[in-house]
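Enquirer: So here's work_32.pdb (PDB, C-alpha atoms).
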```
ATOM      1  CA  ARG A   1     -24.698  49.731-128.014
ATOM      2  CA  GLY A   2     -24.959  46.110-129.012
ATOM      3  CA  ALA A   3     -21.429  46.029-130.402
ATOM      4  CA  CYS A   4     -19.980  44.274-127.370
ATOM      5  CA  HIS A   5     -22.106  41.152-127.832
ATOM      6  CA  LYS A   6     -19.810  38.175-128.558
ATOM      7  CA  GLY A   7     -22.380  35.396-128.892
ATOM      8  CA  PRO A   8     -24.819  33.583-126.606
ATOM      9  CA  ILE A   9     -23.815  33.445-122.963
ATOM     10  CA  ASN A  10     -25.372  31.252-120.318
ATOM     11  CA  TYR A  11     -26.087  33.555-117.395
ATOM     12  CA  GLU A  12     -28.055  30.899-115.503
ATOM     13  CA  PRO A  13     -28.171  30.533-112.596
ATOM     14  CA  THR A  14     -25.959  33.484-111.642
ATOM     15  CA  ARG A  15     -27.817  36.224-113.504
ATOM     16  CA  LEU A  16     -31.212  35.281-112.086
ATOM     17  CA  PHE A  17     -29.735  34.851-108.603
ATOM     18  CA  ILE A  18     -28.200  38.325-108.592
ATOM     19  CA  MET A  19     -31.147  40.077-110.214
ATOM     20  CA  ALA A  20     -33.565  38.436-107.785
ATOM     21  CA  ALA A  21     -31.454  39.611-104.850
ATOM     22  CA  LEU A  22     -31.263  43.139-106.218
ATOM     23  CA  SER A  23     -34.966  43.408-107.021
ATOM     24  CA  ALA A  24     -36.247  41.775-103.836
ATOM     25  CA  LYS A  25     -36.245  45.054-101.884
ATOM     26  CA  PRO A  26     -36.392  48.773-102.683
ATOM     27  CA  LEU A  27     -33.250  50.882-102.719
ATOM     28  CA  GLU A  28     -31.473  50.741 -99.356
ATOM     29  CA  SER A  29     -28.703  52.490 -97.500
ATOM     30  CA  LYS A  30     -25.593  50.306 -97.551
ATOM     31  CA  ILE A  31     -22.520  51.045 -95.455
ATOM     32  CA  ALA A  32     -19.279  49.268 -96.332
ATOM     33  CA  PRO A  33     -16.253  50.013 -94.132
ATOM     34  CA  SER A  34     -13.015  49.843 -96.105
ATOM     35  CA  LEU A  35     -10.536  47.321 -94.733
ATOM     36  CA  LEU A  36      -7.705  49.454 -96.082
ATOM     37  CA  ALA A  37      -8.116  51.563 -92.922
ATOM     38  CA  CYS A  38      -8.243  48.688 -90.435
ATOM     39  CA  ASP A  39      -5.545  47.328 -88.167
ATOM     40  CA  LEU A  40      -3.972  44.972 -90.691
ATOM     41  CA  SER A  41      -2.370  42.888 -87.950
ATOM     42  CA  ASP A  42      -5.882  41.738 -86.976
ATOM     43  CA  MET A  43      -7.898  41.918 -90.183
ATOM     44  CA  ALA A  44     -10.353  39.170 -89.189
ATOM     45  CA  GLY A  45     -10.965  40.752 -85.797
ATOM     46  CA  GLU A  46     -11.430  44.180 -87.346
ATOM     47  CA  ALA A  47     -13.851  42.763 -89.897
ATOM     48  CA  ALA A  48     -15.925  41.184 -87.138
ATOM     49  CA  ARG A  49     -15.870  44.413 -85.133
ATOM     50  CA  VAL A  50     -17.445  46.558 -87.857
ATOM     51  CA  MET A  51     -19.911  43.892 -88.970
ATOM     52  CA  ASP A  52     -21.064  43.526 -85.375
ATOM     53  CA  ALA A  53     -21.416  47.325 -85.331
ATOM     54  CA  GLY A  54     -24.008  47.181 -88.119
ATOM     55  CA  ALA A  55     -22.087  47.376 -91.394
ATOM     56  CA  ASP A  56     -23.695  45.842 -94.474
ATOM     57  CA  ALA A  57     -20.483  44.750 -96.191
ATOM     58  CA  LEU A  58     -16.714  44.813 -96.077
ATOM     59  CA  HIS A  59     -15.134  46.913 -98.812
ATOM     60  CA  ILE A  60     -11.922  45.208 -99.915
ATOM     61  CA  ASP A  61      -9.525  47.162-102.131
ATOM     62  CA  VAL A  62      -7.311  45.087-104.411
ATOM     63  CA  MET A  63      -4.405  47.078-105.892
ATOM     64  CA  ASP A  64      -1.813  45.676-108.272
ATOM     65  CA  GLY A  65       0.859  48.392-108.245
ATOM     66  CA  HIS A  66       0.217  49.081-111.948
ATOM     67  CA  PHE A  67      -3.244  50.573-112.355
ATOM     68  CA  VAL A  68      -2.502  52.438-109.128
ATOM     69  CA  PRO A  69       0.952  52.856-107.562
ATOM     70  CA  ASN A  70       0.030  51.163-104.296
ATOM     71  CA  LEU A  71      -0.082  47.426-103.494
ATOM     72  CA  SER A  72      -2.598  45.867-101.118
ATOM     73  CA  TRP A  73      -3.654  42.210-101.173
ATOM     74  CA  GLY A  74      -4.984  39.622-103.561
ATOM     75  CA  PRO A  75      -7.087  36.453-103.718
ATOM     76  CA  PRO A  76      -5.056  34.437-101.153
ATOM     77  CA  VAL A  77      -5.681  36.991 -98.392
ATOM     78  CA  ILE A  78      -9.354  37.285 -99.284
ATOM     79  CA  LYS A  79      -9.708  33.509 -99.294
ATOM     80  CA  LYS A  80      -8.235  33.298 -95.797
ATOM     81  CA  LEU A  81     -10.492  36.081 -94.562
ATOM     82  CA  ARG A  82     -13.495  34.247 -95.991
ATOM     83  CA  GLN A  83     -12.718  31.367 -93.619
ATOM     84  CA  ARG A  84     -13.282  33.772 -90.725
ATOM     85  CA  SER A  85     -16.204  35.847 -92.013
ATOM     86  CA  ASP A  86     -19.555  35.356 -93.721
ATOM     87  CA  ALA A  87     -19.903  39.085 -94.481
ATOM     88  CA  PHE A  88     -20.603  40.366 -97.962
ATOM     89  CA  PHE A  89     -17.168  40.929 -99.563
ATOM     90  CA  ASP A  90     -17.459  44.036-101.717
ATOM     91  CA  VAL A  91     -14.231  43.748-103.718
ATOM     92  CA  HIS A  92     -12.983  46.834-105.565
ATOM     93  CA  LEU A  93     -10.349  45.938-108.134
ATOM     94  CA  MET A  94      -7.850  48.676-108.920
ATOM     95  CA  VAL A  95      -5.962  46.481-111.352
ATOM     96  CA  SER A  96      -4.766  46.721-114.944
ATOM     97  CA  ASP A  97      -6.318  43.439-116.081
ATOM     98  CA  PRO A  98      -9.644  42.891-114.281
ATOM     99  CA  LEU A  99     -10.589  39.991-116.555
ATOM    100  CA  ALA A 100      -7.703  37.934-115.148
ATOM    101  CA  TYR A 101      -9.078  38.348-111.610
ATOM    102  CA  VAL A 102     -12.610  37.050-112.176
ATOM    103  CA  GLY A 103     -11.889  33.359-111.580
ATOM    104  CA  PRO A 104      -9.497  33.877-108.657
ATOM    105  CA  MET A 105     -11.919  36.254-106.930
ATOM    106  CA  ALA A 106     -14.828  33.860-107.314
ATOM    107  CA  ASP A 107     -12.670  31.096-105.874
ATOM    108  CA  ALA A 108     -11.564  33.347-103.003
ATOM    109  CA  GLY A 109     -15.152  34.071-101.966
ATOM    110  CA  ALA A 110     -15.868  37.547-103.331
ATOM    111  CA  ASP A 111     -19.530  38.590-103.364
ATOM    112  CA  GLY A 112     -19.089  41.816-105.315
ATOM    113  CA  PHE A 113     -16.708  42.416-108.217
ATOM    114  CA  THR A 114     -16.224  46.098-109.041
ATOM    115  CA  PHE A 115     -13.717  46.890-111.786
ATOM    116  CA  HIS A 116     -12.556  50.136-113.347
ATOM    117  CA  VAL A 117     -13.921  50.963-116.764
ATOM    118  CA  GLU A 118     -10.585  52.620-117.555
ATOM    119  CA  ALA A 119      -8.747  49.309-117.119
ATOM    120  CA  ALA A 120     -10.901  47.151-119.391
ATOM    121  CA  THR A 121     -10.203  46.791-123.104
ATOM    122  CA  ASP A 122     -13.819  45.656-123.491
ATOM    123  CA  PRO A 123     -15.777  46.177-120.256
ATOM    124  CA  CYS A 124     -18.613  43.973-121.555
ATOM    125  CA  ASP A 125     -16.192  41.049-121.622
ATOM    126  CA  VAL A 126     -15.498  41.568-117.926
ATOM    127  CA  VAL A 127     -19.204  41.684-117.065
ATOM    128  CA  ASP A 128     -19.823  38.516-119.088
ATOM    129  CA  ALA A 129     -16.999  36.708-117.304
ATOM    130  CA  VAL A 130     -18.333  37.698-113.882
ATOM    131  CA  ARG A 131     -21.838  36.538-114.787
ATOM    132  CA  ALA A 132     -20.413  33.180-115.875
ATOM    133  CA  ALA A 133     -18.192  32.740-112.795
ATOM    134  CA  SER A 134     -18.515  29.766-110.466
ATOM    135  CA  ARG A 135     -19.736  32.013-107.638
ATOM    136  CA  PRO A 136     -22.545  34.571-108.028
ATOM    137  CA  MET A 137     -21.114  38.088-107.753
ATOM    138  CA  VAL A 138     -22.679  41.526-107.973
ATOM    139  CA  VAL A 139     -21.032  43.361-110.878
ATOM    140  CA  GLY A 140     -19.903  46.926-110.299
ATOM    141  CA  VAL A 141     -18.072  49.389-112.514
ATOM    142  CA  ALA A 142     -15.945  52.210-111.119
ATOM    143  CA  LEU A 143     -15.043  55.675-112.408
ATOM    144  CA  ARG A 144     -11.890  57.567-111.445
ATOM    145  CA  PRO A 145     -12.307  61.290-110.741
ATOM    146  CA  ASP A 146     -10.902  62.194-114.177
ATOM    147  CA  THR A 147     -13.247  59.835-116.050
ATOM    148  CA  PRO A 148     -16.558  61.222-117.343
ATOM    149  CA  VAL A 149     -19.869  59.434-116.901
ATOM    150  CA  GLU A 150     -19.995  58.983-120.676
ATOM    151  CA  ALA A 151     -17.349  56.254-120.335
ATOM    152  CA  LEU A 152     -20.179  54.006-119.111
ATOM    153  CA  ASP A 153     -21.836  54.115-122.536
ATOM    154  CA  ALA A 154     -19.702  51.102-123.481
ATOM    155  CA  LEU A 155     -21.622  49.003-120.942
ATOM    156  CA  TRP A 156     -25.020  48.977-122.619
ATOM    157  CA  ARG A 157     -26.329  46.017-124.579
ATOM    158  CA  ASP A 158     -29.690  45.708-126.303
ATOM    159  CA  GLY A 159     -31.043  48.688-124.409
ATOM    160  CA  ALA A 160     -29.952  47.453-120.971
ATOM    161  CA  PHE A 161     -27.154  48.671-118.709
ATOM    162  CA  LEU A 162     -25.127  45.595-117.765
ATOM    163  CA  PRO A 163     -23.613  46.326-114.313
ATOM    164  CA  ASP A 164     -25.561  46.184-111.052
ATOM    165  CA  LEU A 165     -23.704  49.045-109.366
ATOM    166  CA  VAL A 166     -21.692  52.149-110.274
ATOM    167  CA  LEU A 167     -18.881  53.332-108.015
ATOM    168  CA  VAL A 168     -17.914  56.996-108.254
ATOM    169  CA  MET A 169     -14.470  57.574-106.799
ATOM    170  CA  THR A 170     -14.359  60.744-104.720
ATOM    171  CA  VAL A 171     -10.571  60.590-104.368
ATOM    172  CA  PRO A 172      -7.874  59.465-106.814
ATOM    173  CA  PRO A 173      -7.705  55.680-106.382
ATOM    174  CA  GLY A 174      -4.781  53.996-104.684
ATOM    175  CA  PHE A 175      -4.472  55.365-101.150
ATOM    176  CA  GLY A 176      -6.717  55.814 -98.139
ATOM    177  CA  GLY A 177      -7.124  58.924 -96.005
ATOM    178  CA  GLN A 178      -7.533  61.430 -98.852
ATOM    179  CA  ALA A 179      -9.850  64.447 -98.883
ATOM    180  CA  PHE A 180     -13.348  64.123-100.336
ATOM    181  CA  MET A 181     -13.779  65.641-103.805
ATOM    182  CA  ALA A 182     -17.161  67.360-103.866
ATOM    183  CA  ASP A 183     -16.716  68.168-107.554
ATOM    184  CA  GLN A 184     -17.553  64.527-108.314
ATOM    185  CA  MET A 185     -21.148  64.965-107.151
ATOM    186  CA  PRO A 186     -22.493  66.001-110.586
ATOM    187  CA  LYS A 187     -21.606  62.466-111.718
ATOM    188  CA  VAL A 188     -23.628  60.990-108.876
ATOM    189  CA  GLU A 189     -26.540  63.299-109.650
ATOM    190  CA  ALA A 190     -26.478  62.372-113.338
ATOM    191  CA  LEU A 191     -26.341  58.665-112.540
ATOM    192  CA  ARG A 192     -29.209  58.889-110.063
ATOM    193  CA  ARG A 193     -31.384  60.686-112.621
ATOM    194  CA  ARG A 194     -30.665  57.994-115.178
ATOM    195  CA  PHE A 195     -30.821  55.006-112.799
ATOM    196  CA  PRO A 196     -33.378  55.731-110.061
ATOM    197  CA  THR A 197     -33.183  52.227-108.526
ATOM    198  CA  MET A 198     -29.532  51.295-109.089
ATOM    199  CA  ASP A 199     -26.976  51.115-106.301
ATOM    200  CA  ILE A 200     -24.671  54.123-106.621
ATOM    201  CA  GLN A 201     -21.594  53.923-104.433
ATOM    202  CA  VAL A 202     -19.100  56.603-103.421
ATOM    203  CA  ASP A 203     -15.623  55.900-102.100
ATOM    204  CA  GLY A 204     -13.039  58.286-100.717
ATOM    205  CA  GLY A 205     -13.033  60.796 -97.865
ATOM    206  CA  LEU A 206     -16.484  59.826 -96.580
ATOM    207  CA  ASN A 207     -17.256  60.833 -93.008
ATOM    208  CA  LEU A 208     -20.129  62.281 -90.992
ATOM    209  CA  ALA A 209     -19.862  65.632 -92.788
ATOM    210  CA  THR A 210     -19.222  64.576 -96.380
ATOM    211  CA  VAL A 211     -21.846  61.820 -96.353
ATOM    212  CA  GLU A 212     -24.472  64.561 -96.416
ATOM    213  CA  VAL A 213     -23.056  65.919 -99.677
ATOM    214  CA  ALA A 214     -22.898  62.469-101.244
ATOM    215  CA  ALA A 215     -26.368  61.466-100.060
ATOM    216  CA  ARG A 216     -27.966  64.674-101.323
ATOM    217  CA  ALA A 217     -26.476  63.890-104.730
ATOM    218  CA  GLY A 218     -28.115  60.461-104.678
ATOM    219  CA  ALA A 219     -25.503  57.992-103.394
ATOM    220  CA  ASN A 220     -27.004  55.162-101.347
ATOM    221  CA  CYS A 221     -23.856  53.030-100.870
ATOM    222  CA  ILE A 222     -21.153  54.566 -98.699
ATOM    223  CA  VAL A 223     -17.585  53.321 -98.416
ATOM    224  CA  ALA A 224     -15.939  54.733 -95.309
ATOM    225  CA  GLY A 225     -12.534  53.751 -94.004
ATOM    226  CA  SER A 226     -10.940  55.912 -91.340
ATOM    227  CA  ALA A 227     -14.275  57.321 -90.170
ATOM    228  CA  VAL A 228     -15.342  53.845 -89.047
ATOM    229  CA  PHE A 229     -12.166  51.962 -88.191
ATOM    230  CA  LYS A 230     -10.491  54.829 -86.331
ATOM    231  CA  SER A 231     -13.552  55.490 -84.199
ATOM    232  CA  ASP A 232     -13.980  54.245 -80.630
ATOM    233  CA  ARG A 233     -17.721  53.959 -81.379
ATOM    234  CA  PRO A 234     -18.026  52.429 -84.856
ATOM    235  CA  ALA A 235     -21.685  51.493 -84.341
ATOM    236  CA  GLU A 236     -22.570  55.149 -83.808
ATOM    237  CA  VAL A 237     -20.616  56.199 -86.890
ATOM    238  CA  ILE A 238     -22.237  53.538 -89.076
ATOM    239  CA  SER A 239     -25.674  54.485 -87.750
ATOM    240  CA  ALA A 240     -25.041  58.172 -88.470
ATOM    241  CA  LEU A 241     -23.800  57.418 -91.991
ATOM    242  CA  ARG A 242     -26.907  55.328 -92.579
ATOM    243  CA  ASP A 243     -29.191  58.040 -91.249
ATOM    244  CA  GLY A 244     -27.590  60.506 -93.667
ATOM    245  CA  VAL A 245     -28.374  58.271 -96.616
ATOM    246  CA  GLU A 246     -31.853  57.404 -95.334
ATOM    247  CA  THR A 247     -32.934  61.008 -94.920
ATOM    248  CA  LEU A 248     -31.110  62.771 -97.766
ATOM    249  CA  ALA A 249     -30.860  60.162-100.534
ATOM    250  CA  LEU A 250     -33.821  57.872 -99.845
ATOM    251  CA  HIS A 251     -36.053  60.517 -98.223
ATOM    252  CA  LYS A 252     -37.030  58.306 -95.317
ATOM    253  CA  PRO A 253     -37.354  59.200 -91.635
ATOM    254  CA  ALA A 254     -34.033  58.699 -89.868
ATOM    255  CA  ARG A 255     -33.859  55.454 -87.953
ATOM    256  CA  LYS A 256     -31.065  53.347 -86.533
ATOM    257  CA  ARG A 257     -30.861  49.777 -87.790
ATOM    258  CA  GLY A 258     -27.663  48.343 -86.351
ATOM    259  CA  GLY A 259     -27.087  44.731 -87.276
ATOM    260  CA  MET A 260     -29.584  44.818 -90.157
ATOM    261  CA  VAL A 261     -29.061  42.188 -92.810
ATOM    262  CA  SER A 262     -29.797  43.946 -96.111
ATOM    263  CA  SER A 263     -30.393  42.589 -99.595
ATOM    264  CA  TRP A 264     -26.787  43.530-100.327
ATOM    265  CA  ARG A 265     -25.472  41.219 -97.637
ATOM    266  CA  PRO A 266     -26.357  37.623 -98.467
ATOM    267  CA  ARG A 267     -25.121  35.204 -95.840
ATOM    268  CA  ALA A 268     -22.554  32.620 -96.834
ATOM    269  CA  GLU A 269     -25.062  29.803 -96.650
ATOM    270  CA  SER A 270     -27.130  31.477 -99.394
ATOM    271  CA  PHE A 271     -24.649  30.321-102.009
ATOM    272  CA  GLU A 272     -24.343  26.969-103.665
ATOM    273  CA  HIS A 273     -20.622  26.383-104.158
ATOM    274  CA  PRO A 274     -19.371  24.025-106.838
ATOM    275  CA  PRO A 275     -17.742  20.834-105.503
TER
END
```
Would you kindly transcribe this structure into structure tokens?
Expert:
Amino acid sequence: RGACHKGPINYEPTRLFIMAALSAKPLESKIAPSLLACDLSDMAGEAARVMDAGADALHIDVMDGHFVPNLSWGPPVIKKLRQRSDAFFDVHLMVSDPLAYVGPMADAGADGFTFHVEAATDPCDVVDAVRAASRPMVVGVALRPDTPVEALDALWRDGAFLPDLVLVMTVPPGFGGQAFMADQMPKVEALRRRFPTMDIQVDGGLNLATVEVAARAGANCIVAGSAVFKSDRPAEVISALRDGVETLALHKPARKRGGMVSSWRPRAESFEHPP
């Protein structure tokens, strides 16, 4: 498990910044509406609408037309959106060469960089590049439905698991509006047993019914697209999704916390940008 080490790497200050943010609070419910389901003619307005409704982050899907057949947007769009929003940008890269996106995403203002283990020749190289980027970013690794949990074994070094977050896809990646795949929950359960305090995210077909299944399995980070953006009452939907995670995954009394700023949502002014 130390085979991916390529020599000394200077993780300072990014590694300490991210680890401090992640360890500052216990495991939390984190709701990230997926912009793929928003009104794309008013992306900035839609982003503000769901953040004002209590979301913790904006989930931004980047698709290259190769790793998945669909195309979405890239760094230029994200950079423009960053000018209009200080939300946490949870970027999910469905791309064939995630290493090539590290610098552009840092420059665009990404706060989270989640790449697919299936797309990386050496996933440790991707993690190392993100840690060394000009902007601190939470590192996530994603699994397609047909990829076993054992694929994550390549991401251990010296007895430590390198990513900060694992994303379990509950639909085939590439398109929104698909049906939730409950047969992916054994992956979530296995990950939660192994990583009791790690953020485990699920993405695909999440709504007020399926969030219960995901939360019972141990997911604390919920990506929801249509359920939030297509609702006339997004604050109520986000609150209900959060309550599902709070009660079933975190075993806390249900409570509504609209507008909460979580440890997963650092404000823009928290970052020191290079000149």
Enquirer: Can you pull out every residue within 7 Å of range 69-81 of chain A, counting only C-alpha atoms, but drop anything in the same chain fewer than 5 positions away, and send it as a ChimeraX atom specification?
Expert: /A:44,62-64,104-105,108-109,174-175
Enquirer: If I take CA of Tyr101 in chain A and CA of Gly45 in chain A, how far is one from the other in Å, to one decimal?
Expert: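 These two atoms are separated by 26.0 Å.
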Enquirer: For a quick check of understanding, using all atoms listed in the file, which of A:Ala160, A:Ala129, A:Val166, A:Ile60 has the smallest distance to Asp111 in chain A?
Expert: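 For Asp111 in chain A, the nearest of the candidates is A:Ile60.
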Enquirer: So, counting only C-alpha atoms, which residue among A:Asp42, A:Asp97, A:Glu212, A:Asp125 is closest to Ala249 in chain A?
Expert: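 Comparing A:Asp42, A:Asp97, A:Glu212, A:Asp125 against Ala249 in chain A, the winner is A:Glu212.
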Enquirer: Give me the result of the PyMOL selection byres ((chain A and resi 31-41) around 6) on this file, residue by residue, as number ranges by chain.
Expert: A: 30, 42-43, 55-60, 221-226, 229
Enquirer: Generate a file of the selected residues that holds C-alpha atoms, formatted as a compact mmCIF listing (two decimals), in the coordinates of the input.
Expert:
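What follows is the written file result-v5.txt:
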```txt
# COMPACT_ATOMS: atom_id res chain seq x y z
CA LYS A 30 -25.59 50.31 -97.55
CA ASP A 42 -5.88 41.74 -86.98
CA MET A 43 -7.90 41.92 -90.18
CA ALA A 55 -22.09 47.38 -91.39
CA ASP A 56 -23.70 45.84 -94.47
CA ALA A 57 -20.48 44.75 -96.19
CA LEU A 58 -16.71 44.81 -96.08
CA HIS A 59 -15.13 46.91 -98.81
CA ILE A 60 -11.92 45.21 -99.92
CA CYS A 221 -23.86 53.03 -100.87
CA ILE A 222 -21.15 54.57 -98.70
CA VAL A 223 -17.58 53.32 -98.42
CA ALA A 224 -15.94 54.73 -95.31
CA GLY A 225 -12.53 53.75 -94.00
CA SER A 226 -10.94 55.91 -91.34
CA PHE A 229 -12.17 51.96 -88.19
```
Enquirer: Between CA of Leu248 in chain A and CA of Gly218 in chain A, what distance in Å does the model show, to one decimal?
Expert: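 Distance reported for this atom pair: 7.9 Å.
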Enquirer: Got a sec to resolve the PyMOL selection byres ((chain A and resi 182) around 12) on this structure and send the residues as a list in words?
Expert: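 Selection result, ordered by chain and number: Pro145, Val168, Met169, Thr170, Val171, Ala179, Phe180, Met181, Asp183, Gln184, Met185, Pro186, Lys187, Val188, Glu189, Val202, Asp203, Gly204, Gly205, Leu206, Ala209, Thr210, Val211, Glu212, Val213, Ala214, Ala215, Arg216 and Ala217 of chain A.
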Enquirer: Do you have the CA of Arg193 in chain A-CA of Ala227 in chain A distance handy?
Expert: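 Pair CA of Arg193 in chain A / CA of Ala227 in chain A returns 28.4 Å.
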Enquirer: Which of these residues is nearest to Arg49 in chain A, using only C-alpha atoms: A:Ser85, A:Ala190, A:His92, A:Arg135?
Expert: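 Smallest separation from Arg49 in chain A among the options: A:Ser85.
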Enquirer: Hey, which of A:Val228, A:Ala235, A:Ala110, A:Ala151 ends up closest to Phe89 in chain A? Count all atoms listed in the file.
Expert: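 Comparing A:Val228, A:Ala235, A:Ala110, A:Ala151 against Phe89 in chain A, the winner is A:Ala110.
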Enquirer: Restricting the calculation to only C-alpha atoms: of A:Leu155, A:Ala106, A:Leu208, A:Leu241, which residue gets closest to Arg131 in chain A?
Expert: A:Ala106
Enquirer: Hey, what comes out of the PyMOL selection byres ((chain A and resi 200) around 7) on this file? Could you write it as a ChimeraX atom specification?
Expert: /A:165-167,198-199,201-202,219-221
Enquirer: Can you work out which one of A:Leu93, A:Trp156, A:Gln178, A:Asp232 has the shortest atom-to-atom distance to Gly140 in chain A, counting all atoms listed in the file?
Expert: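 Of the candidates, the smallest distance to Gly140 in chain A is held by A:Leu93.
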Enquirer: Box along x, y and z, 6 Å on every side, all listed atoms of range 207-217 of chain A inside: centre and edge lengths in Å to one decimal, as JSON.
Expert:
```
{"center_x": -22.6, "center_y": 63.4, "center_z": -97.9, "size_x": 22.7, "size_y": 17.1, "size_z": 25.7}
```
